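Below: model-v9.cif (mmCIF, C-alpha atoms and all ligand atoms)
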data_model
loop_
_atom_site.label_atom_id
_atom_site.label_comp_id
_atom_site.auth_asym_id
_atom_site.auth_seq_id
_atom_site.Cartn_x
_atom_site.Cartn_y
_atom_site.Cartn_z
CA MET A 287 9.97 -34.09 4.98
CA ASN A 288 6.25 -34.76 4.67
CA ASP A 289 6.66 -38.10 6.41
CA PHE A 290 7.52 -36.50 9.73
CA PRO A 291 4.77 -35.37 12.07
CA PRO A 292 4.19 -31.62 12.01
CA ALA A 293 6.40 -29.63 14.38
CA LEU A 294 3.29 -28.44 16.24
CA LEU A 295 2.74 -32.08 17.21
CA GLY A 296 6.34 -32.69 18.20
CA GLY A 297 8.00 -33.33 14.82
CA THR A 298 11.15 -31.70 13.51
CA PRO A 299 10.58 -28.15 12.16
CA ALA A 300 11.03 -27.77 8.41
CA ILE A 301 13.07 -24.56 8.89
CA THR A 302 15.77 -24.29 11.52
CA VAL A 303 17.43 -21.05 10.34
CA PRO A 304 16.80 -18.56 13.16
CA GLY A 305 14.64 -15.54 12.33
CA PRO A 306 13.89 -12.86 11.51
CA HIS A 307 13.81 -14.17 7.95
CA PHE A 308 12.76 -10.93 6.33
CA THR A 309 13.69 -7.38 7.21
CA TRP A 310 13.10 -4.29 5.12
CA PRO A 311 14.54 -2.10 3.73
CA PRO A 312 17.91 -3.70 2.99
CA ILE A 313 20.49 -1.22 4.28
CA GLU A 314 23.72 -1.11 2.30
CA ASP A 315 26.84 1.05 2.49
CA ALA A 316 25.31 3.41 -0.06
CA ASP A 317 22.38 4.07 2.28
CA GLN A 318 24.66 4.63 5.26
CA CYS A 319 26.82 7.04 3.24
CA ALA A 320 23.83 8.92 1.86
CA VAL A 321 22.30 9.45 5.29
CA ALA A 322 25.65 10.32 6.89
CA ALA A 323 26.41 12.81 4.11
CA GLN A 324 22.97 14.34 4.57
CA LEU A 325 23.69 14.84 8.27
CA GLU A 326 26.64 16.97 7.24
CA THR A 327 24.65 18.87 4.61
CA ALA A 328 21.25 19.81 6.06
CA VAL A 329 18.84 18.31 8.54
CA SER A 330 16.07 20.79 7.79
CA ILE A 331 15.08 21.82 4.27
CA PRO A 332 12.29 24.40 4.11
CA ASP A 333 12.28 24.77 0.31
CA ARG A 334 12.57 22.54 -2.71
CA SER A 335 16.35 22.20 -2.69
CA GLY A 336 19.05 19.65 -1.89
CA ILE A 337 17.97 16.08 -1.22
CA VAL A 338 14.27 16.98 -1.28
CA ALA A 339 14.56 18.32 -4.83
CA ASP A 340 16.75 15.35 -5.83
CA LEU A 341 14.24 12.84 -4.51
CA GLU A 342 11.23 14.60 -6.02
CA ASP A 343 12.94 14.91 -9.41
CA ALA A 344 13.97 11.25 -9.32
CA LEU A 345 10.49 10.08 -8.34
CA ALA A 346 8.85 12.27 -11.00
CA SER A 347 11.15 10.88 -13.64
CA TYR A 348 10.71 7.28 -12.39
CA LEU A 349 6.92 7.55 -12.53
CA GLY A 350 6.85 9.79 -15.59
CA VAL A 351 4.79 12.55 -13.94
CA ARG A 352 5.21 16.30 -13.91
CA HIS A 353 5.10 16.93 -10.16
CA VAL A 354 6.03 15.08 -6.99
CA VAL A 355 5.74 16.59 -3.52
CA THR A 356 7.25 14.62 -0.64
CA THR A 357 5.58 14.44 2.77
CA CYS A 358 6.34 13.14 6.27
CA THR A 359 4.08 10.06 5.91
CA GLY A 360 1.80 8.34 3.43
CA THR A 361 -1.16 9.37 5.59
CA ALA A 362 -0.09 13.01 5.14
CA ALA A 363 0.30 12.45 1.39
CA LEU A 364 -3.27 11.12 1.19
CA HIS A 365 -4.50 14.09 3.23
CA SER A 366 -2.74 16.56 0.92
CA MET A 367 -3.94 14.71 -2.18
CA TYR A 368 -7.60 14.83 -1.14
CA ALA A 369 -7.37 18.46 0.00
CA ALA A 370 -5.64 19.49 -3.23
CA ALA A 371 -8.19 17.60 -5.31
CA GLY A 372 -10.83 19.86 -3.79
CA VAL A 373 -12.51 17.21 -1.64
CA GLY A 374 -14.38 19.15 1.03
CA PRO A 375 -17.33 19.20 3.43
CA GLY A 376 -20.12 16.84 2.45
CA ASP A 377 -18.24 15.34 -0.49
CA GLU A 378 -18.25 11.57 -0.79
CA VAL A 379 -15.30 9.50 -1.92
CA ILE A 380 -15.66 5.82 -2.76
CA VAL A 381 -13.05 3.77 -0.93
CA PRO A 382 -12.56 -0.01 -1.07
CA ALA A 383 -13.91 -1.57 2.14
CA LEU A 384 -10.72 -3.62 2.45
CA THR A 385 -7.58 -1.52 2.79
CA PHE A 386 -5.37 0.16 5.38
CA HIS A 387 -7.45 2.74 7.23
CA ALA A 388 -5.31 5.70 6.14
CA THR A 389 -6.60 5.32 2.58
CA ALA A 390 -9.80 6.82 3.97
CA THR A 391 -9.20 8.50 7.34
CA PRO A 392 -7.82 11.83 6.04
CA LEU A 393 -11.26 12.40 4.51
CA PHE A 394 -12.63 12.83 8.04
CA HIS A 395 -10.32 15.82 8.45
CA LEU A 396 -11.75 17.52 5.38
CA GLY A 397 -15.38 17.16 6.40
CA ALA A 398 -15.82 14.60 3.63
CA HIS A 399 -17.32 11.11 3.82
CA PRO A 400 -15.55 7.91 2.93
CA VAL A 401 -18.19 5.74 1.25
CA LEU A 402 -17.05 2.17 1.53
CA ALA A 403 -17.69 -0.19 -1.39
CA ASP A 404 -17.21 -3.92 -1.20
CA VAL A 405 -14.42 -5.80 -2.96
CA ASP A 406 -14.70 -8.79 -5.27
CA ASP A 407 -13.50 -12.28 -4.45
CA ARG A 408 -9.94 -11.29 -5.34
CA GLY A 409 -9.99 -8.28 -3.02
CA ARG A 410 -10.27 -5.71 -5.83
CA LEU A 411 -12.82 -2.90 -5.73
CA ASP A 412 -16.19 -4.31 -6.81
CA LEU A 413 -17.25 -1.80 -9.44
CA ASP A 414 -20.90 -2.91 -9.39
CA ASP A 415 -21.10 -2.30 -5.67
CA ALA A 416 -19.21 0.98 -6.11
CA ALA A 417 -21.69 2.09 -8.81
CA ARG A 418 -24.63 1.40 -6.45
CA ARG A 419 -23.11 3.71 -3.86
CA ILE A 420 -22.72 6.74 -6.14
CA THR A 421 -24.84 9.75 -5.20
CA ALA A 422 -25.00 13.36 -6.36
CA ARG A 423 -22.30 14.14 -3.76
CA THR A 424 -19.79 11.54 -4.95
CA LYS A 425 -16.69 13.36 -6.08
CA ALA A 426 -14.01 10.74 -6.45
CA VAL A 427 -13.08 7.09 -6.28
CA VAL A 428 -9.78 6.02 -4.77
CA THR A 429 -8.12 2.79 -5.76
CA VAL A 430 -5.56 0.80 -3.76
CA HIS A 431 -3.18 -1.72 -5.30
CA LEU A 432 -3.33 -4.06 -2.32
CA TRP A 433 -0.14 -6.03 -1.60
CA GLY A 434 1.33 -4.47 -4.74
CA LEU A 435 -1.03 -6.26 -7.16
CA PRO A 436 -2.20 -3.59 -9.58
CA GLU A 437 -5.94 -3.13 -9.83
CA ASP A 438 -7.56 -3.48 -13.27
CA MET A 439 -6.84 0.09 -14.31
CA ASP A 440 -8.66 -0.23 -17.66
CA ALA A 441 -11.84 -0.98 -15.73
CA LEU A 442 -11.21 1.73 -13.14
CA VAL A 443 -10.44 4.45 -15.67
CA SER A 444 -13.62 3.57 -17.62
CA PHE A 445 -15.64 3.47 -14.39
CA ALA A 446 -14.43 6.91 -13.31
CA GLU A 447 -15.07 8.36 -16.77
CA ALA A 448 -18.51 6.80 -17.10
CA HIS A 449 -19.62 8.24 -13.75
CA GLY A 450 -17.83 11.58 -14.02
CA LEU A 451 -15.69 10.90 -10.93
CA MET A 452 -12.14 11.90 -10.18
CA LEU A 453 -9.87 8.86 -10.10
CA LEU A 454 -7.32 8.94 -7.27
CA GLU A 455 -4.77 6.26 -6.35
CA ASP A 456 -3.26 5.07 -3.09
CA GLY A 457 -0.06 3.50 -4.39
CA SER A 458 1.39 2.78 -0.94
CA HIS A 459 1.97 -0.94 -1.65
CA ALA A 460 2.80 -0.59 -5.30
CA HIS A 461 5.91 1.49 -6.04
CA GLY A 462 7.09 0.54 -9.50
CA ALA A 463 4.18 -1.83 -10.16
CA THR A 464 2.71 -1.45 -13.62
CA TRP A 465 -0.54 -2.10 -15.48
CA ASN A 466 -0.10 -2.42 -19.25
CA HIS A 467 3.46 -1.12 -18.75
CA GLN A 468 2.14 2.08 -17.17
CA MET A 469 3.20 2.88 -13.61
CA THR A 470 0.57 2.61 -10.91
CA GLY A 471 0.02 6.06 -9.50
CA THR A 472 -0.20 7.65 -12.95
CA PHE A 473 -3.73 6.66 -14.01
CA GLY A 474 -5.77 9.21 -12.10
CA VAL A 475 -5.76 12.89 -11.35
CA ALA A 476 -3.26 12.31 -8.54
CA SER A 477 -1.81 9.56 -6.40
CA ALA A 478 -0.42 9.27 -2.89
CA PHE A 479 2.30 6.86 -1.75
CA SER A 480 3.67 5.87 1.64
CA LEU A 481 7.44 5.54 2.08
CA ASN A 482 7.00 3.91 5.49
CA GLY A 483 9.33 1.16 6.80
CA PRO A 484 8.33 -2.05 5.02
CA LYS A 485 7.05 -0.45 1.81
CA PRO A 486 8.73 -1.49 -1.48
CA LEU A 487 10.35 1.96 -1.51
CA SER A 488 11.18 3.01 2.02
CA ALA A 489 12.33 6.22 3.68
CA GLY A 490 11.72 4.76 7.13
CA GLU A 491 8.92 7.32 7.38
CA GLY A 492 7.74 9.42 4.48
CA GLY A 493 5.35 9.74 1.58
CA PHE A 494 4.65 11.70 -1.56
CA VAL A 495 1.96 12.94 -3.90
CA ALA A 496 2.37 12.55 -7.67
CA THR A 497 0.36 14.43 -10.28
CA ASP A 498 0.50 15.91 -13.76
CA ASP A 499 -1.93 18.64 -12.75
CA THR A 500 -0.08 21.85 -11.95
CA GLU A 501 -3.02 23.48 -10.12
CA LEU A 502 -3.35 20.40 -7.92
CA TYR A 503 0.39 20.53 -7.25
CA TYR A 504 0.10 24.14 -6.06
CA ARG A 505 -2.66 23.11 -3.70
CA VAL A 506 -0.61 20.18 -2.37
CA LEU A 507 2.06 22.76 -1.51
CA LEU A 508 -0.49 25.06 0.12
CA HIS A 509 -1.89 22.17 2.13
CA GLY A 510 1.27 20.90 3.80
CA GLN A 511 4.37 22.82 2.69
CA TYR A 512 3.76 26.37 3.78
CA ASN A 513 6.00 29.40 3.34
CA LYS A 514 9.21 28.97 1.29
CA ARG A 515 8.05 26.17 -0.98
CA CYS A 516 4.80 27.98 -1.73
CA ARG A 517 6.55 31.31 -2.18
CA ARG A 518 9.13 29.89 -4.58
CA GLU A 519 7.03 27.41 -6.53
CA ILE A 520 3.66 29.11 -6.91
CA PRO A 521 3.91 31.96 -9.45
CA ASP A 522 3.30 35.43 -8.00
CA SER A 523 0.54 35.95 -10.55
CA HIS A 524 -1.42 32.94 -9.25
CA PRO A 525 -4.61 33.93 -7.33
CA LEU A 526 -3.58 31.70 -4.41
CA ALA A 527 -0.02 33.01 -4.19
CA ARG A 528 -1.03 35.46 -1.49
CA PHE A 529 -1.65 32.49 0.85
CA ALA A 530 1.93 31.26 0.45
CA VAL A 531 3.24 32.18 3.91
CA THR A 532 0.60 30.23 5.85
CA GLY A 533 -0.73 27.90 3.18
CA MET A 534 -3.63 25.99 4.74
CA GLY A 535 -1.71 25.90 7.99
CA LEU A 536 -0.25 22.42 8.03
CA LYS A 537 3.41 21.43 7.90
CA LEU A 538 3.85 17.94 6.50
CA ARG A 539 7.39 18.04 5.15
CA ILE A 540 9.63 15.01 4.81
CA HIS A 541 12.74 14.83 7.01
CA PRO A 542 15.93 15.25 4.93
CA LEU A 543 17.48 12.09 6.43
CA ALA A 544 14.40 10.13 5.36
CA ALA A 545 14.62 11.72 1.91
CA ALA A 546 18.28 10.67 1.67
CA LEU A 547 17.41 7.06 2.49
CA ALA A 548 14.54 6.97 -0.01
CA ARG A 549 16.74 8.50 -2.72
CA ALA A 550 19.41 5.86 -2.18
CA GLN A 551 16.79 3.07 -2.11
CA LEU A 552 15.17 4.34 -5.32
CA THR A 553 18.32 3.54 -7.31
CA ARG A 554 17.74 -0.13 -6.34
CA LEU A 555 13.95 -0.30 -6.61
CA ASP A 556 13.92 -1.97 -10.03
CA HIS A 557 16.48 -4.48 -8.84
CA TYR A 558 14.25 -5.27 -5.83
CA LEU A 559 11.20 -5.65 -8.06
CA THR A 560 12.92 -7.96 -10.56
CA GLY A 561 14.20 -10.17 -7.73
CA ARG A 562 10.80 -10.23 -6.05
CA GLN A 563 9.12 -11.15 -9.32
CA GLU A 564 11.34 -14.23 -9.64
CA ILE A 565 10.80 -15.35 -6.09
CA ALA A 566 7.06 -14.64 -6.16
CA ASP A 567 6.77 -16.73 -9.36
CA ARG A 568 8.71 -19.50 -7.68
CA MET A 569 6.49 -19.49 -4.58
CA ARG A 570 3.32 -19.30 -6.66
CA ALA A 571 4.46 -22.25 -8.77
CA ALA A 572 5.32 -24.28 -5.64
CA LEU A 573 1.93 -23.62 -4.04
CA ASP A 574 -0.25 -23.79 -7.13
CA GLY A 575 -2.59 -26.75 -6.76
CA VAL A 576 -1.73 -27.39 -3.10
CA PRO A 577 -5.08 -28.27 -1.45
CA GLY A 578 -6.49 -25.47 0.67
CA ILE A 579 -4.16 -22.81 -0.75
CA ARG A 580 -5.07 -20.42 -3.56
CA VAL A 581 -2.25 -18.40 -5.08
CA PRO A 582 -3.03 -14.90 -6.36
CA HIS A 583 -4.06 -14.58 -9.96
CA VAL A 584 -1.83 -12.13 -11.82
CA PRO A 585 -3.44 -10.72 -14.99
CA VAL A 586 -1.12 -10.53 -18.01
CA SER A 587 -1.35 -6.73 -17.91
CA ALA A 588 0.00 -6.58 -14.36
CA ARG A 589 3.53 -6.37 -13.04
CA PRO A 590 3.15 -6.42 -9.23
CA SER A 591 5.59 -4.94 -6.75
CA TRP A 592 4.95 -7.94 -4.43
CA TYR A 593 4.74 -5.98 -1.19
CA ALA A 594 3.70 -9.41 0.11
CA LEU A 595 2.42 -12.67 -1.35
CA PRO A 596 -1.24 -12.82 -0.29
CA LEU A 597 -2.53 -16.39 -0.21
CA ARG A 598 -6.11 -17.49 0.20
CA TYR A 599 -6.95 -20.30 2.56
CA GLU A 600 -9.83 -22.71 1.89
CA PRO A 601 -10.54 -24.60 5.15
CA ALA A 602 -13.13 -26.77 3.39
CA ASP A 603 -10.30 -28.42 1.40
CA LEU A 604 -8.49 -29.24 4.66
CA GLU A 605 -11.23 -30.91 6.70
CA GLY A 606 -12.24 -27.53 8.13
CA LEU A 607 -8.88 -26.86 9.82
CA PRO A 608 -9.18 -23.24 11.05
CA LEU A 609 -6.77 -20.75 9.52
CA GLU A 610 -5.34 -19.80 12.94
CA ARG A 611 -4.50 -23.41 13.73
CA PHE A 612 -3.04 -23.86 10.25
CA LEU A 613 -0.84 -20.78 10.71
CA ASP A 614 0.26 -21.90 14.19
CA ALA A 615 1.40 -25.14 12.56
CA VAL A 616 3.16 -23.28 9.71
CA ARG A 617 4.97 -21.03 12.18
CA ALA A 618 5.90 -24.03 14.34
CA GLU A 619 7.65 -25.36 11.21
CA GLY A 620 9.90 -22.31 11.47
CA ALA A 621 8.09 -20.21 8.83
CA THR A 622 7.78 -17.47 11.41
CA GLU A 623 7.02 -14.68 8.95
CA ALA A 624 3.77 -16.30 7.74
CA ASP A 625 1.17 -13.88 8.95
CA ARG A 626 -2.41 -12.67 8.67
CA PRO A 627 -2.98 -9.08 7.54
CA GLY A 628 -3.45 -7.01 10.70
CA SER A 629 -4.47 -3.40 10.23
CA THR A 630 -5.15 -3.89 6.52
CA CYS A 631 -8.65 -5.17 7.18
CA PRO A 632 -12.33 -4.39 6.52
CA LEU A 633 -12.64 -0.71 7.39
CA GLY A 634 -16.16 -1.14 8.72
CA THR A 635 -14.75 -3.08 11.69
CA HIS A 636 -12.88 -0.04 13.05
CA PRO A 637 -14.69 1.98 15.76
CA LEU A 638 -13.67 5.17 13.90
CA PHE A 639 -15.74 4.13 10.89
CA GLN A 640 -18.62 2.78 13.01
CA ALA A 641 -18.90 5.82 15.29
CA PRO A 642 -16.72 8.66 13.97
CA GLY A 643 -18.68 11.18 16.06
CA ALA A 644 -17.15 9.87 19.29
CA LEU A 645 -13.84 11.41 18.24
CA LEU A 646 -14.84 13.87 15.53
CA PRO A 647 -17.78 16.05 16.58
CA ASP A 648 -18.69 17.00 13.00
CA TYR A 649 -19.63 13.39 12.41
CA ALA A 650 -21.93 13.07 15.45
CA ASP A 651 -24.94 12.15 13.34
CA ARG A 652 -23.05 9.89 10.99
CA GLN A 653 -24.02 6.28 11.15
CA GLY A 654 -21.31 3.76 10.38
CA PRO A 655 -21.61 0.61 8.31
CA ALA A 656 -23.73 -2.22 9.67
CA ALA A 657 -22.22 -5.63 10.38
CA GLY A 658 -22.35 -7.68 7.22
CA ASP A 659 -22.47 -4.66 4.90
CA PHE A 660 -19.30 -5.77 3.13
CA PRO A 661 -19.43 -9.56 3.04
CA ALA A 662 -16.73 -10.01 0.43
CA ALA A 663 -14.25 -7.76 2.30
CA GLY A 664 -14.92 -9.80 5.45
CA HIS A 665 -14.54 -13.10 3.64
CA VAL A 666 -11.37 -12.13 1.78
CA HIS A 667 -9.80 -10.86 5.00
CA ALA A 668 -10.84 -13.92 7.02
CA THR A 669 -9.29 -16.26 4.46
CA THR A 670 -6.05 -14.41 3.64
CA PHE A 671 -2.59 -14.98 4.98
CA LYS A 672 0.63 -13.61 3.57
CA LEU A 673 4.27 -14.42 3.12
CA PRO A 674 7.18 -12.05 2.56
CA VAL A 675 8.60 -11.88 -0.95
CA TRP A 676 12.38 -11.83 -0.88
CA HIS A 677 14.39 -10.31 -3.72
CA ARG A 678 17.88 -11.80 -3.37
CA GLU A 679 18.79 -14.94 -5.28
CA GLU A 680 20.35 -16.39 -2.13
CA ASP A 681 16.97 -16.16 -0.40
CA ALA A 682 15.33 -18.47 -2.94
CA ARG A 683 16.13 -21.40 -0.63
CA LEU A 684 14.33 -19.69 2.23
CA ALA A 685 11.34 -19.08 -0.02
CA ASP A 686 11.40 -22.77 -0.98
CA ALA A 687 11.58 -23.72 2.70
CA TYR A 688 8.50 -21.58 3.41
CA THR A 689 6.47 -23.17 0.64
CA ALA A 690 7.68 -26.63 1.74
CA ALA A 691 6.59 -25.86 5.31
CA ILE A 692 3.12 -24.96 4.03
CA THR A 693 2.91 -28.11 1.93
CA LYS A 694 3.98 -30.18 4.92
CA VAL A 695 1.28 -28.69 7.14
CA VAL A 696 -1.32 -29.18 4.40
CA SER A 697 -0.42 -32.85 4.16
CA HIS A 698 -0.98 -33.20 7.92
CA ALA A 699 -4.17 -31.15 8.11
CA LYS A 700 -6.16 -34.11 9.45
CA ASP A 701 -3.68 -34.71 12.31
CA LEU A 702 -3.92 -31.06 13.32
CA LEU A 703 -7.68 -31.01 13.78
C1 LIG B 1 -2.57 1.21 1.64
C2 LIG B 1 -1.94 2.17 2.61
N1 LIG B 1 -2.24 3.47 2.53
C3 LIG B 1 -1.70 4.37 3.37
C4 LIG B 1 -0.80 4.01 4.34
C5 LIG B 1 -0.30 5.04 5.30
O1 LIG B 1 1.06 5.28 5.12
P1 LIG B 1 1.96 5.82 6.33
O2 LIG B 1 2.08 4.70 7.32
O3 LIG B 1 3.25 6.16 5.68
O4 LIG B 1 1.28 7.00 6.89
C6 LIG B 1 -0.44 2.67 4.46
C7 LIG B 1 0.54 2.26 5.50
O5 LIG B 1 0.72 1.12 5.82
C8 LIG B 1 -1.02 1.72 3.58
O6 LIG B 1 -0.72 0.41 3.68
#
Could you take the file, read its structure, and then write that structure out as structure tokens?
Amino acid sequence: MNDFPPALLGGTPAITVPGPHFTWPPIEDADQCAVAAQLETAVSIPDRSGIVADLEDALASYLGVRHVVTTCTGTAALHSMYAAAGVGPGDEVIVPALTFHATATPLFHLGAHPVLADVDDRGRLDLDDAARRITARTKAVVTVHLWGLPEDMDALVSFAEAHGLMLLEDGSHAHGATWNHQMTGTFGVASAFSLNGPKPLSAGEGGFVATDDTELYYRVLLHGQYNKRCRREIPDSHPLARFAVTGMGLKLRIHPLAAALARAQLTRLDHYLTGRQEIADRMRAALDGVPGIRVPHVPVSARPSWYALPLRYEPADLEGLPLERFLDAVRAEGATEADRPGSTCPLGTHPLFQAPGALLPDYADRQGPAAGDFPAAGHVHATTFKLPVWHREEDARLADAYTAAITKVVSHAKDLL
């Protein structure tokens, strides 16, 4: 195959199977039946009953936590998690500078300040930079397991303990991923997960908060699950029980049809993860040592969920061929799902982080990050592209075709300049 000219220059594409090559979640009869049955049962659940209770119980048992509260989105779950953790006006929370914006944006709605800290060369939170940004107002640090690769949780737990900070997790890419055999989302005081479309565990739209802390759980309910849930789950003797009817005024409940889909998907999550592990290993092995491509390092303690396979691109190894041109050539080979991360990018580049006051009056005097404040986040983002990670054995050939397409383009880098 490598003898042909690249497809971008008129050669034969390496992959001729028409796309899309990856869609998520896989919808089976069991999902159809679960959602159809839910339509007949209840399409609005104001308390912790039916499919909502089933899903929350199943998630709590899967993660090994005491409490799970489902929400309408992952963004809402993060909002409830921060509110319930007592993050309020003037508080600072350390957030990795490279993540999806919703890891941080709910903080703006609590009067708190996301304090961005740079990442290291692998895209993990740089704990030295994070330590430099701690002030007397720093309340918490939130960690994100980007692309489903667990962060070094030994280091993060020690960091949070050493600095007296609450450890919170955004597990939105990492359902079922583990660090030292412990589930991500169970290392801190609380965690928030998205159940949005392409996530390893999908409800279409949805999210949840997980915690062992019963007081925090009550406050999650008060934040976004007012009335019946609060009345039935918060003991009458609790000092906040009198707020049950209104809670904090927000309604962030999951839709029962979404809960039904997530519950059906959860029974197959481990099967997805095992299949992804095999295919990710296969793609990493095929690309290891290919000039210009760096495969992700997976520490022995980590079992990723492989939300995607993030690859690093080194133009210097390929005569300076720009990443965009490289990806155009890869896609011309038919590897149409090869992609650069879009909205998961350095947060300091978003206008909302640069000038929050334009939309949020309370932040009028808040100055955003300066260009170049987070050089590693910028560099990691500028040199990352990603591939889907399939889970079915029959897709191994497609995965091989993708890695072969990349190898072919690499071998023609000079011609593409
Ligand atoms: C890391 C991360 N956190 C939070 C979210 C927000 O989740 P949702 O889209 O369900 O609101 C996402 C969504 O892509 C995400 O990738």
List as JSON lines every residue of chain A that is in contact with ligand LIG 1 (chain B), defined as an atom at most 7 Å from one of its atoms (using only C-alpha atoms and all ligand atoms), together with the nearest atom pair and the distance in Å rounded to one decimal, sorted by chain and then rising number.
{"residue": "A:Thr359", "atom": "CA", "partner": "B:LIG1", "partner_atom": "O3", "distance": 4.0}
{"residue": "A:Gly360", "atom": "CA", "partner": "B:LIG1", "partner_atom": "O3", "distance": 3.5}
{"residue": "A:Thr361", "atom": "CA", "partner": "B:LIG1", "partner_atom": "O4", "distance": 3.6}
{"residue": "A:Ala362", "atom": "CA", "partner": "B:LIG1", "partner_atom": "O4", "distance": 6.4}
{"residue": "A:Thr385", "atom": "CA", "partner": "B:LIG1", "partner_atom": "C1", "distance": 5.8}
{"residue": "A:Phe386", "atom": "CA", "partner": "B:LIG1", "partner_atom": "C1", "distance": 4.8}
{"residue": "A:Ala388", "atom": "CA", "partner": "B:LIG1", "partner_atom": "C3", "distance": 4.7}
{"residue": "A:Thr389", "atom": "CA", "partner": "B:LIG1", "partner_atom": "N1", "distance": 4.7}
{"residue": "A:Val430", "atom": "CA", "partner": "B:LIG1", "partner_atom": "C1", "distance": 6.2}
{"residue": "A:Leu432", "atom": "CA", "partner": "B:LIG1", "partner_atom": "C1", "distance": 6.6}
{"residue": "A:Asp456", "atom": "CA", "partner": "B:LIG1", "partner_atom": "N1", "distance": 5.9}
{"residue": "A:Gly457", "atom": "CA", "partner": "B:LIG1", "partner_atom": "C1", "distance": 6.9}
{"residue": "A:Ser458", "atom": "CA", "partner": "B:LIG1", "partner_atom": "C2", "distance": 4.9}
{"residue": "A:His459", "atom": "CA", "partner": "B:LIG1", "partner_atom": "C1", "distance": 6.0}
{"residue": "A:Phe479", "atom": "CA", "partner": "B:LIG1", "partner_atom": "C3", "distance": 7.0}
{"residue": "A:Ser480", "atom": "CA", "partner": "B:LIG1", "partner_atom": "O3", "distance": 4.1}
{"residue": "A:Leu481", "atom": "CA", "partner": "B:LIG1", "partner_atom": "O3", "distance": 5.6}
{"residue": "A:Asn482", "atom": "CA", "partner": "B:LIG1", "partner_atom": "O3", "distance": 4.4}
{"residue": "A:Glu491", "atom": "CA", "partner": "B:LIG1", "partner_atom": "O3", "distance": 6.0}
{"residue": "A:Gly492", "atom": "CA", "partner": "B:LIG1", "partner_atom": "O3", "distance": 5.7}
{"residue": "A:Gly493", "atom": "CA", "partner": "B:LIG1", "partner_atom": "O3", "distance": 5.8}
{"residue": "A:Thr630", "atom": "CA", "partner": "B:LIG1", "partner_atom": "O6", "distance": 6.8}
Enumerate, in order of chain and increasing residue number, the residues of stretch 446-511 of chain A with an atom no farther than 9 Å from stretch 533-538 of chain A, each with its shortest atom pair and distance in Å to one decimal, counting only C-alpha atoms, as JSON lines.
{"residue": "A:Arg505", "atom": "CA", "partner": "A:Gly533", "partner_atom": "CA", "distance": 8.6}
{"residue": "A:Leu507", "atom": "CA", "partner": "A:Gly533", "partner_atom": "CA", "distance": 7.5}
{"residue": "A:Leu508", "atom": "CA", "partner": "A:Gly533", "partner_atom": "CA", "distance": 4.2}
{"residue": "A:His509", "atom": "CA", "partner": "A:Met534", "partner_atom": "CA", "distance": 4.9}
{"residue": "A:Gly510", "atom": "CA", "partner": "A:Lys537", "partner_atom": "CA", "distance": 4.7}
{"residue": "A:Gln511", "atom": "CA", "partner": "A:Lys537", "partner_atom": "CA", "distance": 5.5}
Atom CA of A:Phe660 sits from atom CA of A:Gly409 at a separation of 11.4 Å
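Residues lying within 6 Å of stretch 669-681 of chain A, counting only C-alpha atoms and ignoring same-chain neighbours fewer than 5 positions away, are A:Tyr558, A:Gly561, A:Arg562, A:Ala594, A:Leu595, A:Pro596, A:Leu597, A:Arg598, A:Tyr599, A:Ala624, A:Asp625, A:Arg626.
Considering the residues A:Asp603, A:Ala463, A:Leu684, A:Ile520 and counting all atoms listed in the file, A:Thr622 has its shortest atom-to-atom contact with A:Leu684.
Between A:Gln563 and the residues A:Arg589, A:His365, A:Arg515, A:His541, the shortest atom-to-atom distance, using only C-alpha atoms, involves A:Arg589.
In terms of minimum interatomic distance to A:Phe494, A:Val506 ranks closest within A:Ala316, A:Val696, A:Val506, A:Val443, counting only C-alpha atoms.
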Give me the residues near A:Ala293 as a count of residues only, where near means some atom within 8 Å (using all atoms listed in the file) and where sequence neighbours in that chain fewer than 6 positions away do not count. 5
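Here atom CA of A:Val584 stands at a distance of 7.5 Å from atom CA of A:Leu435.
Distance check against A:Val321 using all atoms listed in the file: of A:Ala662, A:Ala390, A:Ala682, A:Ile337, the minimum falls on A:Ile337.
The space separating atom CA of A:Ala426 from atom CA of A:Val405 comes to 16.9 Å.
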Practice task
Please identify all polymer residues lying at most 12 Å from the point (-6.9, 13.7, -1.3) (file coordinates), using all atoms listed in the file, and present the result as an NGL selection string.
Solution key: :A and (360-374 or 377-381 or 388-400 or 425-429 or 452-456 or 474-479 or 494-497 or 502-503 or 505-506 or 509)
Enclosing box along x, y and z for every listed atom of stretch 608-612 of chain A, padded 4 Å each side, centre and size in Å, one decimal, as AutoDock Vina command-line options:
--center_x -6.1 --center_y -21.8 --center_z 11.6 --size_x 14.1 --size_y 12.1 --size_z 12.2
*Using only C-alpha atoms, collect all residues at a distance of at most 12 Å from (-5.9, -32.9, 6.6) as written in the file, then present them as a list in words.*
Pro292, Val576, Pro577, Gly578, Glu600, Pro601, Ala602, Asp603, Leu604, Glu605, Gly606, Leu607, Pro608, Arg611, Phe612, Thr693, Lys694, Val695, Val696, Ser697, His698, Ala699, Lys700, Asp701, Leu702 and Leu703 of chain A
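By chain and then residue number, the residues within 8 Å of A:His667 are A:Leu384, A:Pro627, A:Cys631, A:Pro632, A:Ala663, A:Gly664, A:His665, A:Thr669, A:Thr670, counting all atoms listed in the file and disregarding those fewer than 2 positions away in sequence.
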Kindly save the residues from that selection, with C-alpha atoms included, as a compact mmCIF listing (two decimals), in the frame of the given file.
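Writing done, so here's selection_31.txt:
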# COMPACT_ATOMS: atom_id res chain seq x y z
CA LEU A 384 -10.72 -3.62 2.45
CA PRO A 627 -2.98 -9.08 7.54
CA CYS A 631 -8.65 -5.17 7.18
CA PRO A 632 -12.33 -4.39 6.52
CA ALA A 663 -14.25 -7.76 2.30
CA GLY A 664 -14.92 -9.80 5.45
CA HIS A 665 -14.54 -13.10 3.64
CA THR A 669 -9.29 -16.26 4.46
CA THR A 670 -6.05 -14.41 3.64
